[in-house]
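Trainee: One file is attached below, my_file.txt, containing compact mmCIF, C-alpha atoms.
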```
# COMPACT_ATOMS: atom_id res chain seq x y z
CA MET A 1 5.87 6.03 -19.99
CA PRO A 2 3.27 7.45 -17.58
CA TRP A 3 2.45 5.00 -14.80
CA ARG A 4 -1.26 4.91 -15.67
CA SER A 5 -0.55 3.90 -19.26
CA CYS A 6 1.64 1.05 -18.09
CA ILE A 7 -0.92 -0.09 -15.52
CA LEU A 8 -3.94 -0.15 -17.79
CA SER A 9 -2.56 -1.32 -21.12
CA GLY A 10 -1.95 -4.89 -19.89
CA GLY A 11 -0.14 -7.64 -21.74
CA ALA A 12 3.55 -7.93 -22.51
CA GLU A 13 3.53 -4.65 -24.43
CA ALA A 14 2.79 -2.84 -21.15
CA MET A 15 6.45 -2.99 -20.30
CA ASP A 16 7.16 -0.99 -23.49
CA GLY A 17 10.72 -2.29 -23.68
CA MET A 18 11.42 -1.97 -19.95
CA THR A 19 13.13 -4.75 -18.05
CA ALA A 20 11.48 -6.06 -14.89
CA ALA A 21 14.02 -4.13 -12.80
CA GLU A 22 13.00 -0.92 -14.54
CA ASP A 23 9.30 -1.49 -13.87
CA ALA A 24 9.31 1.04 -11.04
CA TRP A 25 6.51 3.21 -9.69
CA GLU A 26 6.49 6.79 -8.51
CA VAL A 27 4.69 8.78 -5.87
CA ALA A 28 5.28 12.46 -5.17
CA GLY A 29 8.42 12.41 -7.32
CA ARG A 30 9.96 9.45 -5.48
CA ARG A 31 10.71 6.29 -7.42
CA PHE A 32 10.51 2.75 -6.01
CA ARG A 33 11.26 -0.67 -7.43
CA SER A 34 9.62 -2.64 -4.64
CA ARG A 35 5.83 -2.70 -4.80
CA LEU A 36 5.53 -3.90 -1.22
CA VAL A 37 5.23 -1.30 1.55
CA VAL A 38 5.40 -2.63 5.09
CA GLY A 39 4.68 -1.36 8.57
CA THR A 40 7.05 -1.23 11.52
CA GLY A 41 4.68 -2.08 14.38
CA ARG A 42 3.36 -5.17 16.17
CA TYR A 43 6.64 -7.11 16.06
CA LYS A 44 8.09 -8.83 19.10
CA SER A 45 11.23 -6.71 18.99
CA LEU A 46 13.02 -4.09 16.92
CA GLU A 47 15.47 -6.81 15.86
CA GLU A 48 12.60 -8.85 14.42
CA THR A 49 11.22 -5.71 12.79
CA ALA A 50 14.51 -5.10 11.01
CA ALA A 51 14.90 -8.71 9.88
CA ALA A 52 11.38 -8.92 8.48
CA ILE A 53 11.66 -5.63 6.61
CA GLU A 54 14.98 -6.73 5.14
CA ALA A 55 13.41 -9.99 3.96
CA SER A 56 10.43 -8.17 2.42
CA GLY A 57 12.60 -6.14 0.06
CA ALA A 58 10.51 -3.05 0.89
CA GLU A 59 11.96 0.38 0.26
CA MET A 60 9.18 2.33 2.01
CA VAL A 61 8.04 1.67 5.58
CA THR A 62 5.14 3.16 7.49
CA VAL A 63 5.76 4.56 10.96
CA ALA A 64 2.99 5.11 13.51
CA VAL A 65 4.03 8.48 14.89
CA ARG A 66 1.97 8.08 18.07
CA ARG A 67 3.31 4.61 18.87
CA VAL A 68 6.98 4.50 17.84
CA ASN A 69 9.92 6.19 19.53
CA LEU A 70 11.44 8.57 17.00
CA SER A 71 12.96 11.20 19.28
CA ASP A 72 14.01 9.84 22.70
CA PRO A 73 17.67 8.76 22.47
CA GLY A 74 17.43 7.26 25.94
CA ALA A 75 15.14 4.49 24.69
CA PRO A 76 15.49 2.03 21.81
CA MET A 77 14.86 3.90 18.58
CA LEU A 78 13.44 2.54 15.35
CA GLN A 79 16.04 4.48 13.37
CA ASP A 80 18.83 2.37 14.88
CA PHE A 81 17.32 -0.79 13.39
CA VAL A 82 15.56 0.52 10.27
CA PRO A 83 17.86 3.33 9.07
CA PRO A 84 16.06 6.24 7.39
CA ASP A 85 18.97 6.69 4.98
CA ARG A 86 18.12 3.25 3.57
CA TYR A 87 14.32 3.27 3.79
CA THR A 88 11.78 5.95 2.98
CA TYR A 89 9.84 6.63 6.16
CA LEU A 90 6.12 7.21 5.70
CA PRO A 91 4.74 8.67 8.97
CA ASN A 92 1.12 7.70 9.51
CA THR A 93 -1.73 8.65 11.80
CA ALA A 94 -2.52 5.17 13.16
CA GLY A 95 -4.70 5.48 16.22
CA CYS A 96 -6.26 8.80 15.22
CA HIS A 97 -10.04 9.01 15.29
CA THR A 98 -10.58 12.69 14.47
CA ALA A 99 -9.33 15.01 11.77
CA LYS A 100 -7.82 17.31 14.40
CA GLU A 101 -5.79 14.46 15.93
CA ALA A 102 -4.50 13.35 12.54
CA VAL A 103 -3.44 16.83 11.42
CA ARG A 104 -1.70 17.54 14.74
CA THR A 105 0.12 14.19 14.63
CA LEU A 106 1.55 14.77 11.16
CA ARG A 107 2.57 18.33 11.96
CA LEU A 108 4.52 16.97 14.93
CA ALA A 109 6.10 14.36 12.66
CA ARG A 110 7.27 17.05 10.26
CA GLU A 111 8.77 19.03 13.12
CA ALA A 112 10.53 15.93 14.49
CA GLY A 113 11.92 14.48 11.28
CA GLY A 114 11.18 16.83 8.44
CA TRP A 115 8.86 14.33 6.79
CA ASN A 116 6.53 15.79 4.20
CA LEU A 117 5.30 12.62 2.46
CA VAL A 118 2.78 11.16 4.89
CA LYS A 119 0.02 8.57 5.21
CA LEU A 120 -3.30 9.87 6.47
CA GLU A 121 -5.79 7.57 8.12
CA VAL A 122 -8.73 8.58 10.29
CA LEU A 123 -10.55 5.61 11.76
CA GLY A 124 -14.10 5.06 12.88
CA PRO A 125 -14.97 3.29 16.14
CA PRO A 126 -14.37 -0.37 17.01
CA PRO A 127 -14.99 -3.11 16.19
CA PHE A 128 -14.52 -2.39 12.50
CA LEU A 129 -12.21 0.68 12.54
CA TYR A 130 -13.55 1.51 9.08
CA PRO A 131 -12.19 4.72 7.51
CA ASP A 132 -14.14 7.77 8.71
CA MET A 133 -14.48 9.43 5.33
CA PRO A 134 -15.93 12.83 6.38
CA ALA A 135 -13.06 13.23 8.85
CA THR A 136 -10.59 11.98 6.24
CA PHE A 137 -11.73 14.64 3.74
CA GLU A 138 -11.42 17.31 6.44
CA ALA A 139 -7.91 16.25 7.45
CA ALA A 140 -6.72 15.82 3.85
CA GLU A 141 -7.84 19.33 2.97
CA ALA A 142 -5.97 20.82 5.94
CA LEU A 143 -2.78 18.85 5.30
CA ILE A 144 -2.67 19.63 1.58
CA LYS A 145 -3.10 23.33 2.36
CA ASP A 146 -0.22 22.95 4.81
CA GLY A 147 2.08 21.63 2.07
CA PHE A 148 2.01 17.93 2.89
CA GLN A 149 2.12 15.23 0.20
CA VAL A 150 -0.73 13.03 1.34
CA MET A 151 -1.11 9.32 0.68
CA VAL A 152 -4.56 8.57 2.04
CA TYR A 153 -6.20 5.46 3.47
CA CYS A 154 -9.81 5.33 2.39
CA ALA A 155 -12.93 3.26 1.92
CA ASP A 156 -13.23 1.00 -1.12
CA ASP A 157 -15.49 3.61 -2.71
CA PRO A 158 -14.64 4.89 -6.22
CA LEU A 159 -16.38 8.23 -5.60
CA ALA A 160 -14.52 8.87 -2.36
CA ALA A 161 -11.20 7.85 -3.94
CA LYS A 162 -11.76 10.16 -6.90
CA ARG A 163 -12.66 13.06 -4.62
CA LEU A 164 -9.44 12.58 -2.62
CA GLU A 165 -7.43 12.49 -5.84
CA GLU A 166 -9.07 15.70 -7.08
CA MET A 167 -8.36 17.38 -3.74
CA GLY A 168 -4.65 16.80 -4.37
CA CYS A 169 -3.76 13.57 -2.57
CA VAL A 170 -0.70 11.96 -4.19
CA ALA A 171 -1.97 8.38 -3.75
CA VAL A 172 -5.18 6.68 -2.67
CA MET A 173 -5.10 3.58 -0.49
CA PRO A 174 -8.43 1.73 -0.33
CA LEU A 175 -8.78 -1.01 2.25
CA GLY A 176 -8.92 -4.64 1.16
CA ALA A 177 -10.69 -5.54 4.41
CA PRO A 178 -10.76 -4.06 7.94
CA ILE A 179 -7.38 -3.31 9.51
CA GLY A 180 -5.72 -6.37 11.03
CA SER A 181 -8.54 -8.73 9.96
CA GLY A 182 -6.55 -10.86 7.51
CA LEU A 183 -9.74 -11.39 5.50
CA GLY A 184 -8.16 -10.66 2.12
CA LEU A 185 -9.91 -8.64 -0.56
CA SER A 186 -13.56 -8.27 0.42
CA ASN A 187 -14.63 -6.43 -2.72
CA PRO A 188 -12.28 -6.86 -5.70
CA PHE A 189 -14.81 -5.25 -8.06
CA MET A 190 -14.77 -1.94 -6.19
CA LEU A 191 -10.97 -2.00 -5.94
CA ARG A 192 -10.71 -2.59 -9.68
CA SER A 193 -13.12 0.30 -10.28
CA ILE A 194 -10.93 2.62 -8.22
CA ILE A 195 -7.80 1.50 -10.08
CA GLU A 196 -9.34 1.96 -13.52
CA ASN A 197 -10.46 5.51 -12.78
CA ALA A 198 -7.44 6.79 -10.84
CA ARG A 199 -4.72 9.07 -12.16
CA VAL A 200 -2.58 8.70 -9.06
CA PRO A 201 -1.07 5.51 -7.66
CA VAL A 202 -3.49 3.12 -5.94
CA LEU A 203 -2.21 0.94 -3.11
CA VAL A 204 -4.36 -1.72 -1.51
CA ASP A 205 -3.99 -1.17 2.21
CA ALA A 206 -5.19 -3.31 5.14
CA GLY A 207 -6.83 -6.70 5.37
CA ILE A 208 -4.36 -8.85 3.46
CA GLY A 209 -3.42 -11.96 5.41
CA THR A 210 -1.24 -14.08 3.14
CA ALA A 211 0.82 -14.02 -0.02
CA SER A 212 -1.90 -15.23 -2.40
CA GLU A 213 -4.04 -12.24 -1.39
CA ALA A 214 -1.16 -9.86 -2.03
CA ALA A 215 -0.79 -11.45 -5.48
CA GLN A 216 -4.51 -11.03 -6.10
CA ALA A 217 -4.30 -7.32 -5.28
CA MET A 218 -1.46 -6.88 -7.74
CA GLU A 219 -3.32 -8.87 -10.42
CA LEU A 220 -6.11 -6.29 -10.19
CA GLY A 221 -3.59 -3.71 -11.38
CA CYS A 222 -2.88 -1.82 -8.19
CA HIS A 223 0.39 0.02 -7.91
CA ALA A 224 1.59 -1.54 -4.68
CA VAL A 225 0.40 -3.31 -1.55
CA LEU A 226 0.75 -2.04 2.02
CA LEU A 227 0.55 -4.44 4.95
CA ASN A 228 1.82 -4.95 8.49
CA SER A 229 -0.14 -7.43 10.61
CA ALA A 230 0.09 -10.20 8.02
CA ILE A 231 3.86 -10.30 8.52
CA ALA A 232 4.14 -9.28 12.17
CA HIS A 233 1.48 -11.77 13.37
CA ALA A 234 2.74 -14.72 11.33
CA LYS A 235 4.34 -17.60 13.22
CA ASP A 236 7.53 -16.87 11.28
CA PRO A 237 7.48 -13.17 10.33
CA VAL A 238 10.71 -13.25 8.34
CA ARG A 239 9.58 -16.15 6.19
CA MET A 240 6.17 -14.54 5.69
CA ALA A 241 7.93 -11.34 4.61
CA ARG A 242 9.72 -13.34 1.92
CA ALA A 243 6.41 -14.89 0.87
CA MET A 244 4.76 -11.47 0.60
CA ARG A 245 7.63 -10.18 -1.52
CA ALA A 246 7.26 -13.16 -3.88
CA GLY A 247 3.46 -12.81 -3.95
CA VAL A 248 3.60 -9.15 -4.92
CA GLU A 249 6.17 -9.85 -7.63
CA ALA A 250 4.15 -12.78 -9.00
CA GLY A 251 0.96 -10.73 -9.06
CA ARG A 252 2.66 -7.89 -10.90
CA HIS A 253 4.09 -10.27 -13.52
CA ALA A 254 0.69 -11.91 -13.95
CA PHE A 255 -1.00 -8.53 -14.45
CA LEU A 256 1.53 -7.41 -17.05
CA ALA A 257 1.40 -10.79 -18.81
CA GLY A 258 -2.36 -10.53 -19.27
CA ARG A 259 -4.35 -13.52 -18.05
CA MET A 260 -6.19 -15.82 -20.42
CA PRO A 261 -9.93 -15.21 -20.86
CA ARG A 262 -12.34 -17.05 -18.60
CA ASN A 263 -14.31 -19.66 -20.53
CA TYR A 264 -17.41 -21.52 -19.42
CA ALA A 265 -16.65 -24.55 -21.57
CA ALA A 266 -13.58 -26.73 -21.86
CA ASP A 267 -10.98 -25.91 -24.49
CA ALA A 268 -8.39 -28.65 -24.92
CA SER A 269 -4.80 -27.47 -24.92
CA SER A 270 -3.95 -29.99 -27.65
CA PRO A 271 -5.75 -29.81 -31.04
CA MET A 272 -8.41 -32.41 -31.63
CA ALA A 273 -7.90 -32.56 -35.40
CA GLY A 274 -5.38 -35.01 -36.83
CA LEU A 275 -5.35 -37.40 -33.88
CA ILE A 276 -3.93 -40.87 -34.48
CA ARG A 277 -6.85 -43.31 -34.43
```
Could you render the structure as structure tokens?

Mentor:
Amino acid sequence: MPWRSCILSGGAEAMDGMTAAEDAWEVAGRRFRSRLVVGTGRYKSLEETAAAIEASGAEMVTVAVRRVNLSDPGAPMLQDFVPPDRYTYLPNTAGCHTAKEAVRTLRLAREAGGWNLVKLEVLGPPPFLYPDMPATFEAAEALIKDGFQVMVYCADDPLAAKRLEEMGCVAVMPLGAPIGSGLGLSNPFMLRSIIENARVPVLVDAGIGTASEAAQAMELGCHAVLLNSAIAHAKDPVRMARAMRAGVEAGRHAFLAGRMPRNYAADASSPMAGLIR
């Protein structure tokens, strides 16, 4: 069953005979069971990074190419703690503020590790670090022409998301709130609009601070959730990773189950007729 049909049909029939374990998602021909994608930065140590990722159940991890040691064997290497034969690495352009920087960074990543599936993000200035959409369009066009499979971080704008999809991006990743803010989903309506009109996977990326917000993103019908700071900055990152895993799974089940309608009057769960007087 095409992923979009499963996402939008809702209700128990959305599974179309699949078990929960078979309710996987695909991007660029790669198939994943976990709908939680986590970052590898901001932890106190590589040991903590590995433990939190293990607890999250994630199969895909983002890697900030400009900030993580991927090639110097004389220094601690992420690969020794988060093995790339177990996890799908998703190199990203964290810290890039121009299209030129982002394209150069991902070309270097491909040379270093052969990675072709990448996450593009081009950020505006502080304090909001909002996606710079003109620069994002420019970088996406160059990377797609260069043969990259681009998952792209973008504004919560249905028109921008659709344009990126039509350009050839393999997934769109609208922000829930500014990066690292922990504010949750600032505009669920716009996120839902993007999801309903997309023909590629939609991942809510950035801004989620706790498990209930991850569940809310999944209840909107998004394909997966990407987060980093919410786990790495928690008082107990490993326990928060478990919470995020459970939140994403609960939100996915709730979406497929189909929530009850909202009513603006009470409706007793027990029938009123035939009561013993």

Trainee: Could you tell me how far CA of Met190 (chain A) lies from CA of Leu117 (chain A), in Å and to one decimal?

Mentor: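 For CA of Met190 (chain A) relative to CA of Leu117 (chain A), the distance reads 26.3 Å.
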
Trainee: Using only C-alpha atoms, which of the listed residues (A:Met133, A:Ala211, A:Ala50, A:Leu78) sits closest to Gly184 (chain A)?

Mentor: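 Checking each of A:Met133, A:Ala211, A:Ala50, A:Leu78 against Gly184 (chain A), counting only C-alpha atoms, the winner is A:Ala211.
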
Trainee: Pick the closest to Ala24 (chain A) from A:Pro201, A:Pro261, A:Pro91, A:Pro125: which is it, counting all atoms listed in the file?

Mentor: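 Among the listed residues, the smallest separation from Ala24 (chain A) belongs to A:Pro201.
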
Trainee: Rank nothing, just name the residue among A:Val172, A:Ala99, A:Ala160, A:Val248 nearest to Thr136 (chain A), using only C-alpha atoms.

Mentor: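 For Thr136 (chain A), the nearest of the candidates is A:Ala99.
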
Trainee: If I take CA of Leu191 (chain A) and CA of Leu175 (chain A), how far is one from the other in Å, to one decimal?

Mentor: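 Computed distance, CA of Leu191 (chain A) to CA of Leu175 (chain A), equals 8.5 Å.
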
Trainee: With distances taken over all atoms listed in the file, which residue among A:Ala142, A:Cys222, A:Ile231, A:Leu123 lies nearest Gly176 (chain A)?

Mentor: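 Looking only at the distances to Gly176 (chain A), the closest residue turns out to be A:Cys222.
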
Trainee: Find the axis-aligned box for region 62-66 of chain A, covering all its listed atoms and adding 3 Å on each side, and write its centre and edge lengths in Å to one decimal as JSON.

Mentor:
```
{"center_x": 3.9, "center_y": 5.8, "center_z": 12.8, "size_x": 9.8, "size_y": 11.3, "size_z": 16.6}
```

Trainee: Pick out the closest residue to Arg110 (chain A) from this set: A:Phe255, A:Tyr89, A:Tyr43, A:Phe81. Count only C-alpha atoms.

Mentor: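 Of all the options, A:Tyr89 lies closest to Arg110 (chain A).
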
Trainee: Could you check which of A:Leu183, A:Leu46, A:Cys169, A:Leu106 is closest to Gln79 (chain A), using all atoms listed in the file?

Mentor: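 Distance minimum relative to Gln79 (chain A) lands on A:Leu46.
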
Trainee: What is the CA of Ala206 (chain A) to CA of Val150 (chain A) distance in Å?

Mentor: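 We find that CA of Ala206 (chain A) and CA of Val150 (chain A) lie 17.4 Å from each other.
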
Trainee: Extract, using only C-alpha atoms, all DNA, RNA and protein residues at most 9 Å from Met60 (chain A), discarding same-chain residues fewer than 2 positions from it, and format them as a JSON list (two decimals) with C-alpha atoms, keeping the file's coordinate frame.

Mentor:
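The file below, around-v4.json, is the result:
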```
[["chain", "number", "residue", "atom", "x", "y", "z"],
["A", 32, "PHE", "CA", 10.51, 2.75, -6.01],
["A", 34, "SER", "CA", 9.62, -2.64, -4.64],
["A", 36, "LEU", "CA", 5.53, -3.90, -1.22],
["A", 37, "VAL", "CA", 5.23, -1.30, 1.55],
["A", 38, "VAL", "CA", 5.40, -2.63, 5.09],
["A", 39, "GLY", "CA", 4.68, -1.36, 8.57],
["A", 58, "ALA", "CA", 10.51, -3.05, 0.89],
["A", 62, "THR", "CA", 5.14, 3.16, 7.49],
["A", 87, "TYR", "CA", 14.32, 3.27, 3.79],
["A", 88, "THR", "CA", 11.78, 5.95, 2.98],
["A", 89, "TYR", "CA", 9.84, 6.63, 6.16],
["A", 90, "LEU", "CA", 6.12, 7.21, 5.70]]
```

Trainee: Can you tell me which residues surround Arg239 (chain A) at a distance of at most 12 Å, considering only C-alpha atoms, apart from same-chain residues fewer than 3 positions away, and format the answer as a PDB file with C-alpha atoms, keeping the file's coordinate frame?

Mentor:
```pdb
ATOM      1  CA  GLU A  48      12.600  -8.850  14.420  1.00  0.00           C
ATOM      2  CA  ALA A  51      14.900  -8.710   9.880  1.00  0.00           C
ATOM      3  CA  ALA A  52      11.380  -8.920   8.480  1.00  0.00           C
ATOM      4  CA  ILE A  53      11.660  -5.630   6.610  1.00  0.00           C
ATOM      5  CA  GLU A  54      14.980  -6.730   5.140  1.00  0.00           C
ATOM      6  CA  ALA A  55      13.410  -9.990   3.960  1.00  0.00           C
ATOM      7  CA  SER A  56      10.430  -8.170   2.420  1.00  0.00           C
ATOM      8  CA  THR A 210      -1.240 -14.080   3.140  1.00  0.00           C
ATOM      9  CA  ALA A 211       0.820 -14.020  -0.020  1.00  0.00           C
ATOM     10  CA  ALA A 230       0.090 -10.200   8.020  1.00  0.00           C
ATOM     11  CA  ILE A 231       3.860 -10.300   8.520  1.00  0.00           C
ATOM     12  CA  ALA A 232       4.140  -9.280  12.170  1.00  0.00           C
ATOM     13  CA  HIS A 233       1.480 -11.770  13.370  1.00  0.00           C
ATOM     14  CA  ALA A 234       2.740 -14.720  11.330  1.00  0.00           C
ATOM     15  CA  LYS A 235       4.340 -17.600  13.220  1.00  0.00           C
ATOM     16  CA  ASP A 236       7.530 -16.870  11.280  1.00  0.00           C
ATOM     17  CA  ARG A 242       9.720 -13.340   1.920  1.00  0.00           C
ATOM     18  CA  ALA A 243       6.410 -14.890   0.870  1.00  0.00           C
ATOM     19  CA  MET A 244       4.760 -11.470   0.600  1.00  0.00           C
ATOM     20  CA  ARG A 245       7.630 -10.180  -1.520  1.00  0.00           C
ATOM     21  CA  ALA A 246       7.260 -13.160  -3.880  1.00  0.00           C
TER      22      ALA A 246
END
```

Trainee: Around (-11.9, 11.1, -5.7), as given in the file, which residues come within 12 Å? Count only C-alpha atoms and list them as number ranges by chain.

Mentor: A: 133, 137, 140, 152, 154-174, 193-195, 197-200, 202
